[in-house]
$ cat entry_28.pdb   # PDB, C-alpha atoms
ATOM      1  CA  MET D  85     -12.995  95.207 122.621  1.00  0.00           C
ATOM      2  CA  VAL D  86     -11.449  96.635 119.449  1.00  0.00           C
ATOM      3  CA  GLY D  87     -11.735 100.187 120.776  1.00  0.00           C
ATOM      4  CA  ALA D  88     -10.107  99.255 124.080  1.00  0.00           C
ATOM      5  CA  LEU D  89      -7.296  97.415 122.294  1.00  0.00           C
ATOM      6  CA  GLY D  90      -6.717 100.364 119.987  1.00  0.00           C
ATOM      7  CA  ALA D  91      -6.528 102.734 122.946  1.00  0.00           C
ATOM      8  CA  GLN D  92      -4.016 100.472 124.678  1.00  0.00           C
ATOM      9  CA  ILE D  93      -1.862 100.182 121.575  1.00  0.00           C
ATOM     10  CA  GLY D  94      -2.007 103.956 121.180  1.00  0.00           C
ATOM     11  CA  ARG D  95      -0.769 104.437 124.732  1.00  0.00           C
ATOM     12  CA  ASP D  96       2.038 101.908 124.244  1.00  0.00           C
ATOM     13  CA  VAL D  97       3.223 103.509 121.017  1.00  0.00           C
ATOM     14  CA  THR D  98       2.976 107.000 122.525  1.00  0.00           C
ATOM     15  CA  ARG D  99       5.134 105.951 125.481  1.00  0.00           C
ATOM     16  CA  THR D 100       7.676 104.452 123.068  1.00  0.00           C
ATOM     17  CA  LEU D 101       7.911 107.612 120.959  1.00  0.00           C
ATOM     18  CA  GLU D 102       7.572 110.169 123.755  1.00  0.00           C
ATOM     19  CA  GLY D 103      10.432 112.648 123.810  1.00  0.00           C
ATOM     20  CA  VAL D 104      12.136 111.175 120.740  1.00  0.00           C
ATOM     21  CA  ASP D 105      14.080 113.686 118.649  1.00  0.00           C
ATOM     22  CA  LEU D 106      13.484 112.744 115.000  1.00  0.00           C
ATOM     23  CA  ARG D 107      16.451 114.893 113.979  1.00  0.00           C
ATOM     24  CA  ARG D 108      18.770 112.168 115.243  1.00  0.00           C
ATOM     25  CA  PRO D 109      20.755 109.980 112.786  1.00  0.00           C
ATOM     26  CA  LEU D 110      18.629 107.753 110.552  1.00  0.00           C
ATOM     27  CA  ALA D 111      19.777 104.566 112.278  1.00  0.00           C
ATOM     28  CA  ASP D 112      18.544 105.891 115.632  1.00  0.00           C
ATOM     29  CA  VAL D 113      15.183 106.919 114.167  1.00  0.00           C
ATOM     30  CA  LEU D 114      14.748 103.480 112.609  1.00  0.00           C
ATOM     31  CA  ASP D 115      15.522 101.846 115.959  1.00  0.00           C
ATOM     32  CA  VAL D 116      12.786 103.920 117.587  1.00  0.00           C
ATOM     33  CA  ALA D 117      10.343 103.085 114.781  1.00  0.00           C
ATOM     34  CA  ASP D 118      11.142  99.410 115.224  1.00  0.00           C
ATOM     35  CA  ALA D 119      10.462  99.707 118.950  1.00  0.00           C
ATOM     36  CA  ALA D 120       7.081 101.296 118.215  1.00  0.00           C
ATOM     37  CA  LEU D 121       6.219  98.452 115.841  1.00  0.00           C
ATOM     38  CA  ALA D 122       7.328  95.965 118.496  1.00  0.00           C
ATOM     39  CA  ALA D 123       4.842  97.586 120.892  1.00  0.00           C
ATOM     40  CA  ILE D 124       2.087  96.840 118.368  1.00  0.00           C
ATOM     41  CA  ALA D 125       3.326  93.291 117.735  1.00  0.00           C
ATOM     42  CA  ALA D 126       3.282  92.641 121.492  1.00  0.00           C
ATOM     43  CA  HIS D 127      -0.528  92.569 121.243  1.00  0.00           C
ATOM     44  CA  GLU D 128      -0.309  89.591 118.849  1.00  0.00           C
ATOM     45  CA  LEU D 129      -0.859  91.833 115.850  1.00  0.00           C
ATOM     46  CA  HIS D 130       1.229  92.040 112.692  1.00  0.00           C
ATOM     47  CA  PRO D 131       1.795  95.694 111.760  1.00  0.00           C
ATOM     48  CA  VAL D 132       1.825  96.589 108.078  1.00  0.00           C
ATOM     49  CA  LEU D 133       3.290  99.838 106.741  1.00  0.00           C
ATOM     50  CA  VAL D 134       1.426 101.208 103.712  1.00  0.00           C
ATOM     51  CA  VAL D 135       3.117 103.677 101.358  1.00  0.00           C
ATOM     52  CA  ASP D 136       0.034 104.700  99.394  1.00  0.00           C
ATOM     53  CA  ASP D 137       1.647 107.615  97.542  1.00  0.00           C
ATOM     54  CA  SER D 138       5.257 106.808  96.667  1.00  0.00           C
ATOM     55  CA  ASP D 139       5.254 109.780  94.271  1.00  0.00           C
ATOM     56  CA  THR D 140       5.473 112.019  97.345  1.00  0.00           C
ATOM     57  CA  PHE D 141       8.998 110.747  97.949  1.00  0.00           C
ATOM     58  CA  THR D 142      10.175 110.863  94.325  1.00  0.00           C
ATOM     59  CA  ARG D 143       8.600 114.146  93.221  1.00  0.00           C
ATOM     60  CA  LEU D 144      10.352 117.091  94.838  1.00  0.00           C
ATOM     61  CA  GLY D 145      10.083 120.671  93.617  1.00  0.00           C
ATOM     62  CA  GLU D 146      10.758 121.243  89.953  1.00  0.00           C
ATOM     63  CA  ILE D 147      13.360 118.489  89.542  1.00  0.00           C
ATOM     64  CA  GLU D 148      13.065 117.168  85.979  1.00  0.00           C
ATOM     65  CA  ASP D 149      15.284 114.090  86.324  1.00  0.00           C
ATOM     66  CA  ARG D 150      13.686 112.004  89.061  1.00  0.00           C
ATOM     67  CA  THR D 151      15.738 108.875  88.414  1.00  0.00           C
ATOM     68  CA  PRO D 152      18.182 109.457  91.330  1.00  0.00           C
ATOM     69  CA  LEU D 153      15.219 109.920  93.700  1.00  0.00           C
ATOM     70  CA  VAL D 154      13.528 106.778  92.383  1.00  0.00           C
ATOM     71  CA  SER D 155      16.741 104.792  92.704  1.00  0.00           C
ATOM     72  CA  SER D 156      17.316 106.043  96.249  1.00  0.00           C
ATOM     73  CA  PHE D 157      13.763 105.575  97.531  1.00  0.00           C
ATOM     74  CA  PHE D 158      13.234 102.110  96.076  1.00  0.00           C
ATOM     75  CA  GLY D 159      16.781 101.148  97.014  1.00  0.00           C
ATOM     76  CA  PRO D 160      18.366 101.971 100.383  1.00  0.00           C
ATOM     77  CA  VAL D 161      15.347 103.832 101.814  1.00  0.00           C
ATOM     78  CA  LEU D 162      12.827 101.077 101.145  1.00  0.00           C
ATOM     79  CA  ARG D 163      15.273  98.368 102.217  1.00  0.00           C
ATOM     80  CA  ALA D 164      15.791 100.132 105.544  1.00  0.00           C
ATOM     81  CA  ILE D 165      12.011 100.246 106.028  1.00  0.00           C
ATOM     82  CA  ALA D 166      11.673  96.586 105.024  1.00  0.00           C
ATOM     83  CA  ASP D 167      14.099  95.599 107.794  1.00  0.00           C
ATOM     84  CA  LEU D 168      11.615  96.821 110.411  1.00  0.00           C
ATOM     85  CA  ARG D 169       9.312  94.367 112.165  1.00  0.00           C
ATOM     86  CA  ALA D 170       6.393  94.943 109.836  1.00  0.00           C
ATOM     87  CA  GLY D 171       5.013  94.027 106.469  1.00  0.00           C
ATOM     88  CA  ILE D 172       5.120  96.665 103.772  1.00  0.00           C
ATOM     89  CA  VAL D 173       2.787  97.595 100.925  1.00  0.00           C
ATOM     90  CA  VAL D 174       3.941 100.141  98.338  1.00  0.00           C
ATOM     91  CA  ALA D 175       1.714 101.679  95.677  1.00  0.00           C
ATOM     92  CA  VAL D 176       3.437 102.795  92.476  1.00  0.00           C
ATOM     93  CA  HIS D 177       2.254 104.114  89.134  1.00  0.00           C
ATOM     94  CA  GLU D 178       2.648 101.777  86.154  1.00  0.00           C
ATOM     95  CA  ARG D 179       5.291 104.028  84.630  1.00  0.00           C
ATOM     96  CA  TYR D 180       7.710 102.964  87.367  1.00  0.00           C
ATOM     97  CA  LEU D 181       7.631  99.400  86.078  1.00  0.00           C
ATOM     98  CA  ASP D 182       9.482 100.468  82.924  1.00  0.00           C
ATOM     99  CA  MET D 183      12.151 102.469  84.758  1.00  0.00           C
ATOM    100  CA  PRO D 184      15.536 100.681  85.003  1.00  0.00           C
ATOM    101  CA  GLU D 185      16.205 102.488  88.298  1.00  0.00           C
ATOM    102  CA  TYR D 186      13.022 101.036  89.796  1.00  0.00           C
ATOM    103  CA  ARG D 187      13.609  97.510  88.499  1.00  0.00           C
ATOM    104  CA  LYS D 188      17.198  97.508  89.723  1.00  0.00           C
ATOM    105  CA  ALA D 189      16.356  98.880  93.167  1.00  0.00           C
ATOM    106  CA  ASP D 190      13.314  96.640  93.598  1.00  0.00           C
ATOM    107  CA  ASP D 191      15.253  93.459  92.791  1.00  0.00           C
ATOM    108  CA  GLY D 192      13.384  90.951  94.957  1.00  0.00           C
ATOM    109  CA  LEU D 193      12.412  93.453  97.641  1.00  0.00           C
ATOM    110  CA  LEU D 194       8.701  93.692  96.804  1.00  0.00           C
ATOM    111  CA  GLU D 195       7.546  90.107  96.588  1.00  0.00           C
ATOM    112  CA  THR D 196       3.960  90.091  95.300  1.00  0.00           C
ATOM    113  CA  PRO D 197       3.009  92.605  92.605  1.00  0.00           C
ATOM    114  CA  ILE D 198      -0.698  93.357  92.280  1.00  0.00           C
ATOM    115  CA  ILE D 199      -1.877  95.204  89.182  1.00  0.00           C
ATOM    116  CA  VAL D 200      -4.796  97.460  90.092  1.00  0.00           C
ATOM    117  CA  PRO D 201      -7.221  97.963  87.169  1.00  0.00           C
ATOM    118  CA  ALA D 202      -7.487 101.470  85.774  1.00  0.00           C
ATOM    119  CA  LEU D 203     -10.447 103.562  86.908  1.00  0.00           C
ATOM    120  CA  ASP D 204     -13.159 103.969  84.308  1.00  0.00           C
ATOM    121  CA  ASP D 205     -15.672 106.829  84.084  1.00  0.00           C
ATOM    122  CA  ARG D 206     -18.045 105.172  86.568  1.00  0.00           C
ATOM    123  CA  HIS D 207     -15.292 104.829  89.185  1.00  0.00           C
ATOM    124  CA  VAL D 208     -14.200 108.434  88.712  1.00  0.00           C
ATOM    125  CA  GLU D 209     -17.790 109.557  89.239  1.00  0.00           C
ATOM    126  CA  GLN D 210     -18.052 107.470  92.427  1.00  0.00           C
ATOM    127  CA  ILE D 211     -14.906 109.103  93.816  1.00  0.00           C
ATOM    128  CA  LEU D 212     -16.253 112.545  92.971  1.00  0.00           C
ATOM    129  CA  ASP D 213     -19.590 111.624  94.558  1.00  0.00           C
ATOM    130  CA  ARG D 214     -17.879 110.681  97.815  1.00  0.00           C
ATOM    131  CA  ARG D 215     -15.929 113.936  97.908  1.00  0.00           C
ATOM    132  CA  VAL D 216     -18.983 116.042  97.204  1.00  0.00           C
ATOM    133  CA  GLU D 217     -21.010 114.074  99.767  1.00  0.00           C
ATOM    134  CA  PHE D 218     -18.323 114.731 102.387  1.00  0.00           C
ATOM    135  CA  ALA D 219     -18.485 118.497 101.790  1.00  0.00           C
ATOM    136  CA  ALA D 220     -22.226 118.709 101.190  1.00  0.00           C
ATOM    137  CA  PRO D 221     -24.204 115.750 102.607  1.00  0.00           C
ATOM    138  CA  GLY D 222     -26.913 114.549 100.265  1.00  0.00           C
ATOM    139  CA  ARG D 223     -25.281 116.000  97.148  1.00  0.00           C
ATOM    140  CA  LYS D 224     -23.492 114.227  94.284  1.00  0.00           C
ATOM    141  CA  ALA D 225     -21.042 115.167  91.547  1.00  0.00           C
ATOM    142  CA  CYS D 226     -23.897 115.803  89.127  1.00  0.00           C
ATOM    143  CA  ASP D 227     -25.140 118.518  91.504  1.00  0.00           C
ATOM    144  CA  LEU D 228     -21.776 120.282  91.314  1.00  0.00           C
ATOM    145  CA  LEU D 229     -20.840 119.772  87.649  1.00  0.00           C
ATOM    146  CA  THR D 230     -22.956 119.941  84.522  1.00  0.00           C
ATOM    147  CA  GLY D 231     -23.295 116.713  82.559  1.00  0.00           C
ATOM    148  CA  GLU D 232     -21.064 118.115  79.811  1.00  0.00           C
ATOM    149  CA  ALA D 233     -18.419 119.121  82.364  1.00  0.00           C
ATOM    150  CA  LEU D 234     -18.404 115.624  83.840  1.00  0.00           C
ATOM    151  CA  GLN D 235     -17.899 114.117  80.381  1.00  0.00           C
ATOM    152  CA  GLU D 236     -15.066 116.583  79.733  1.00  0.00           C
ATOM    153  CA  LEU D 237     -13.433 115.611  83.033  1.00  0.00           C
ATOM    154  CA  TYR D 238     -13.700 111.902  82.162  1.00  0.00           C
ATOM    155  CA  ALA D 239     -12.086 112.610  78.786  1.00  0.00           C
ATOM    156  CA  ILE D 240      -9.214 114.430  80.493  1.00  0.00           C
ATOM    157  CA  HIS D 241      -8.759 111.499  82.888  1.00  0.00           C
ATOM    158  CA  ARG D 242      -8.582 108.998  80.013  1.00  0.00           C
ATOM    159  CA  GLY D 243      -6.516 111.282  77.814  1.00  0.00           C
ATOM    160  CA  PRO D 244      -3.958 113.921  78.847  1.00  0.00           C
ATOM    161  CA  ALA D 245      -4.089 113.009  82.572  1.00  0.00           C
ATOM    162  CA  LYS D 246      -3.129 109.435  81.609  1.00  0.00           C
ATOM    163  CA  LEU D 247      -5.476 107.894  84.213  1.00  0.00           C
ATOM    164  CA  ASN D 248      -3.749 109.818  87.019  1.00  0.00           C
ATOM    165  CA  MET D 249      -6.564 110.351  89.514  1.00  0.00           C
ATOM    166  CA  ARG D 250      -4.595 112.989  91.414  1.00  0.00           C
ATOM    167  CA  LEU D 251      -4.354 115.140  88.299  1.00  0.00           C
ATOM    168  CA  THR D 252      -8.014 114.615  87.513  1.00  0.00           C
ATOM    169  CA  LEU D 253      -9.027 115.711  91.009  1.00  0.00           C
ATOM    170  CA  THR D 254      -6.698 118.710  90.782  1.00  0.00           C
ATOM    171  CA  VAL D 255      -8.418 119.805  87.577  1.00  0.00           C
ATOM    172  CA  CYS D 256     -11.812 119.430  89.248  1.00  0.00           C
ATOM    173  CA  HIS D 257     -10.698 121.395  92.300  1.00  0.00           C
ATOM    174  CA  GLN D 258      -9.265 124.214  90.175  1.00  0.00           C
ATOM    175  CA  ALA D 259     -12.434 124.285  88.104  1.00  0.00           C
ATOM    176  CA  LEU D 260     -14.444 124.644  91.321  1.00  0.00           C
ATOM    177  CA  LEU D 261     -12.341 127.650  92.357  1.00  0.00           C
ATOM    178  CA  ILE D 262     -12.723 129.222  88.919  1.00  0.00           C
ATOM    179  CA  SER D 263     -16.488 128.707  88.941  1.00  0.00           C
ATOM    180  CA  ALA D 264     -16.813 130.128  92.450  1.00  0.00           C
ATOM    181  CA  GLN D 265     -14.822 133.208  91.472  1.00  0.00           C
ATOM    182  CA  ASN D 266     -17.072 133.674  88.437  1.00  0.00           C
ATOM    183  CA  GLY D 267     -20.222 133.272  90.512  1.00  0.00           C
ATOM    184  CA  ASP D 268     -21.357 130.206  88.538  1.00  0.00           C
ATOM    185  CA  GLN D 269     -23.941 127.889  90.090  1.00  0.00           C
ATOM    186  CA  ARG D 270     -22.267 124.766  88.705  1.00  0.00           C
ATOM    187  CA  ILE D 271     -18.944 123.839  87.148  1.00  0.00           C
ATOM    188  CA  GLY D 272     -19.183 123.983  83.361  1.00  0.00           C
ATOM    189  CA  THR D 273     -16.962 122.910  80.477  1.00  0.00           C
ATOM    190  CA  LEU D 274     -15.219 126.293  80.244  1.00  0.00           C
ATOM    191  CA  ALA D 275     -14.031 126.051  83.841  1.00  0.00           C
ATOM    192  CA  ILE D 276     -12.846 122.459  83.271  1.00  0.00           C
ATOM    193  CA  ALA D 277     -10.949 123.502  80.135  1.00  0.00           C
ATOM    194  CA  HIS D 278      -9.377 126.479  81.940  1.00  0.00           C
ATOM    195  CA  ALA D 279      -8.331 124.278  84.876  1.00  0.00           C
ATOM    196  CA  ALA D 280      -6.887 121.660  82.522  1.00  0.00           C
ATOM    197  CA  ARG D 281      -4.746 124.310  80.826  1.00  0.00           C
ATOM    198  CA  GLN D 282      -3.434 125.391  84.239  1.00  0.00           C
ATOM    199  CA  GLN D 283      -2.186 121.819  84.698  1.00  0.00           C
ATOM    200  CA  ASN D 284      -0.775 121.731  81.143  1.00  0.00           C
ATOM    201  CA  LEU D 285      -3.409 119.171  80.185  1.00  0.00           C
ATOM    202  CA  GLY D 286      -5.283 121.182  77.587  1.00  0.00           C
ATOM    203  CA  ASP D 287      -4.782 123.191  74.430  1.00  0.00           C
TER     204      ASP D 287
END

$ encode --input "entry_28.pdb" --output "structure tokens"
Amino acid sequence: MVGALGAQIGRDVTRTLEGVDLRRPLADVLDVADAALAAIAAHELHPVLVVDDSDTFTRLGEIEDRTPLVSSFFGPVLRAIADLRAGIVVAVHERYLDMPEYRKADDGLLETPIIVPALDDRHVEQILDRRVEFAAPGRKACDLLTGEALQELYAIHRGPAKLNMRLTLTVCHQALLISAQNGDQRIGTLAIAHAARQQNLGD
């Protein structure tokens, strides 16, 4: 039943968006998006838009001052999205909460804040395990990294990466490339340290 409903919704949304030129003015694009959401709602469902990486919209190139981007995204852009026939969930890093541009733009727009607890070492390992398992079924992070390298990665996550999981994963990925280039069987502490320096997270 769920599969059939999903297929039907997919066909309805496809018909709604077919032939649409997304280079049209923003108001026209939003009208089309609203029509697509209406096609979903017609099946007695309540669509919810999830912005799970708001940094993507406020981190462009090498721009140092991101405050205009933050003000714009959490102001007119997000308000335009909120006017669509859908709920909206937006994930933000804690640092946004202290930014005047965010607080001013978000004035009443996002109704229910939910503070997500920081990831500890065990959670980081579970995320790494899932990624390793996806690439190599039956394997875990401890098969890819030495115990010392894992501890070093956890320390980077808690310390210079400031609990930013994206940065932590980037360090791990770079360390994997370095180890592969060196012909190492597993990722060691030297590769982790080298990768951290590439991300300006090490000495």

$ atom_distance --input "entry_28.pdb" --atom1 "atom CA of Asp213 of chain D" --atom2 "atom CA of Gly286 of chain D"
24.2 Å

$ residues_around --input "entry_28.pdb" --residues "Asp139 of chain D" --least-positions-apart "4" --cutoff "12 Å" --atoms "all atoms listed in the file" --output "PyMOL selection string"
chain D and resi 135+143-145+150+153-154+157-158+174-180+248+250

$ atom_distance --input "entry_28.pdb" --atom1 "atom CA of Arg270 of chain D" --atom2 "atom CA of Asp227 of chain D"
7.4 Å

$ residues_near_point --input "entry_28.pdb" --point "(-7.6, 109.9, 79.6)" --cutoff "12 Å" --atoms "all atoms listed in the file" --output "JSON, numbers by chain"
{"D": [202, 203, 204, 205, 208, 235, 236, 237, 238, 239, 240, 241, 242, 243, 244, 245, 246, 247, 248, 249, 251, 252, 285, 286]}

$ atom_distance --input "entry_28.pdb" --atom1 "atom CA of Ile271 of chain D" --atom2 "atom CA of Leu212 of chain D"
13.0 Å

$ axis_aligned_box --input "entry_28.pdb" --around "segment 195-209 of chain D" --padding-each-side "5 Å" --output "lines of an AutoDock Vina configuration file"
center_x = -5.2
center_y = 99.8
center_z = 90.3
size_x = 35.6
size_y = 29.5
size_z = 22.5

$ resolve_selection --input "entry_28.pdb" --expression "the PyMOL selection byres ((chain D and resi 130) around 9)" --output "VMD selection string"
chain D and resid 121 124 to 125 127 to 129 131 to 132 169 to 171

$ residues_around --input "entry_28.pdb" --residues "segment 108-110 of chain D" --least-positions-apart "6" --cutoff "12 Å" --atoms "only C-alpha atoms" --output "PyMOL selection string"
chain D and resi 116-117+160-161+164-165

$ write_last_selection --input "entry_28.pdb" --atoms "C-alpha atoms" --output "compact mmCIF listing (two decimals), in the frame of the given file"
# COMPACT_ATOMS: atom_id res chain seq x y z
CA VAL D 116 12.79 103.92 117.59
CA ALA D 117 10.34 103.08 114.78
CA PRO D 160 18.37 101.97 100.38
CA VAL D 161 15.35 103.83 101.81
CA ALA D 164 15.79 100.13 105.54
CA ILE D 165 12.01 100.25 106.03

$ closest_residue --input "entry_28.pdb" --among "D:Thr196, D:Thr151, D:Ser156, D:Gln210" --to "Met183 of chain D" --atoms "only C-alpha atoms"
D:Thr151

$ resolve_selection --input "entry_28.pdb" --expression "the PyMOL selection byres ((chain D and resi 134) around 6)" --output "ChimeraX atom specification"
/D:133,135-136,172-173

$ closest_residue --input "entry_28.pdb" --among "D:Asp167, D:Glu209, D:Gln282, D:Tyr186" --to "Ser138 of chain D" --atoms "all atoms listed in the file"
D:Tyr186

$ closest_residue --input "entry_28.pdb" --among "D:Gly272, D:Gly159, D:Pro201, D:Pro184" --to "Ala233 of chain D" --atoms "all atoms listed in the file"
D:Gly272

$ residues_around --input "entry_28.pdb" --residues "Leu260 of chain D" --least-positions-apart "5" --cutoff "10 Å" --atoms "all atoms listed in the file" --output "PyMOL selection string"
chain D and resi 228-229+254-255+265-266+268+270-272+275-276+279

$ write_last_selection --input "entry_28.pdb" --atoms "C-alpha atoms" --output "PDB file, keeping the file's coordinate frame"
ATOM      1  CA  LEU D 228     -21.776 120.282  91.314  1.00  0.00           C
ATOM      2  CA  LEU D 229     -20.840 119.772  87.649  1.00  0.00           C
ATOM      3  CA  THR D 254      -6.698 118.710  90.782  1.00  0.00           C
ATOM      4  CA  VAL D 255      -8.418 119.805  87.577  1.00  0.00           C
ATOM      5  CA  GLN D 265     -14.822 133.208  91.472  1.00  0.00           C
ATOM      6  CA  ASN D 266     -17.072 133.674  88.437  1.00  0.00           C
ATOM      7  CA  ASP D 268     -21.357 130.206  88.538  1.00  0.00           C
ATOM      8  CA  ARG D 270     -22.267 124.766  88.705  1.00  0.00           C
ATOM      9  CA  ILE D 271     -18.944 123.839  87.148  1.00  0.00           C
ATOM     10  CA  GLY D 272     -19.183 123.983  83.361  1.00  0.00           C
ATOM     11  CA  ALA D 275     -14.031 126.051  83.841  1.00  0.00           C
ATOM     12  CA  ILE D 276     -12.846 122.459  83.271  1.00  0.00           C
ATOM     13  CA  ALA D 279      -8.331 124.278  84.876  1.00  0.00           C
TER      14      ALA D 279
END

$ closest_residue --input "entry_28.pdb" --among "D:Ala91, D:Thr140, D:Ile262, D:Ala166" --to "Leu194 of chain D" --atoms "all atoms listed in the file"
D:Ala166

$ residues_around --input "entry_28.pdb" --residues "Arg214 of chain D" --least-positions-apart "4" --cutoff "10 Å" --atoms "only C-alpha atoms" --output "count of residues only"
9

$ closest_residue --input "entry_28.pdb" --among "D:Asp105, D:Arg206, D:Arg163, D:Ser155" --to "Lys188 of chain D" --atoms "only C-alpha atoms"
D:Ser155

$ closest_residue --input "entry_28.pdb" --among "D:Ile211, D:Glu217, D:Ala277, D:Gln269" --to "Glu232 of chain D" --atoms "only C-alpha atoms"
D:Ala277
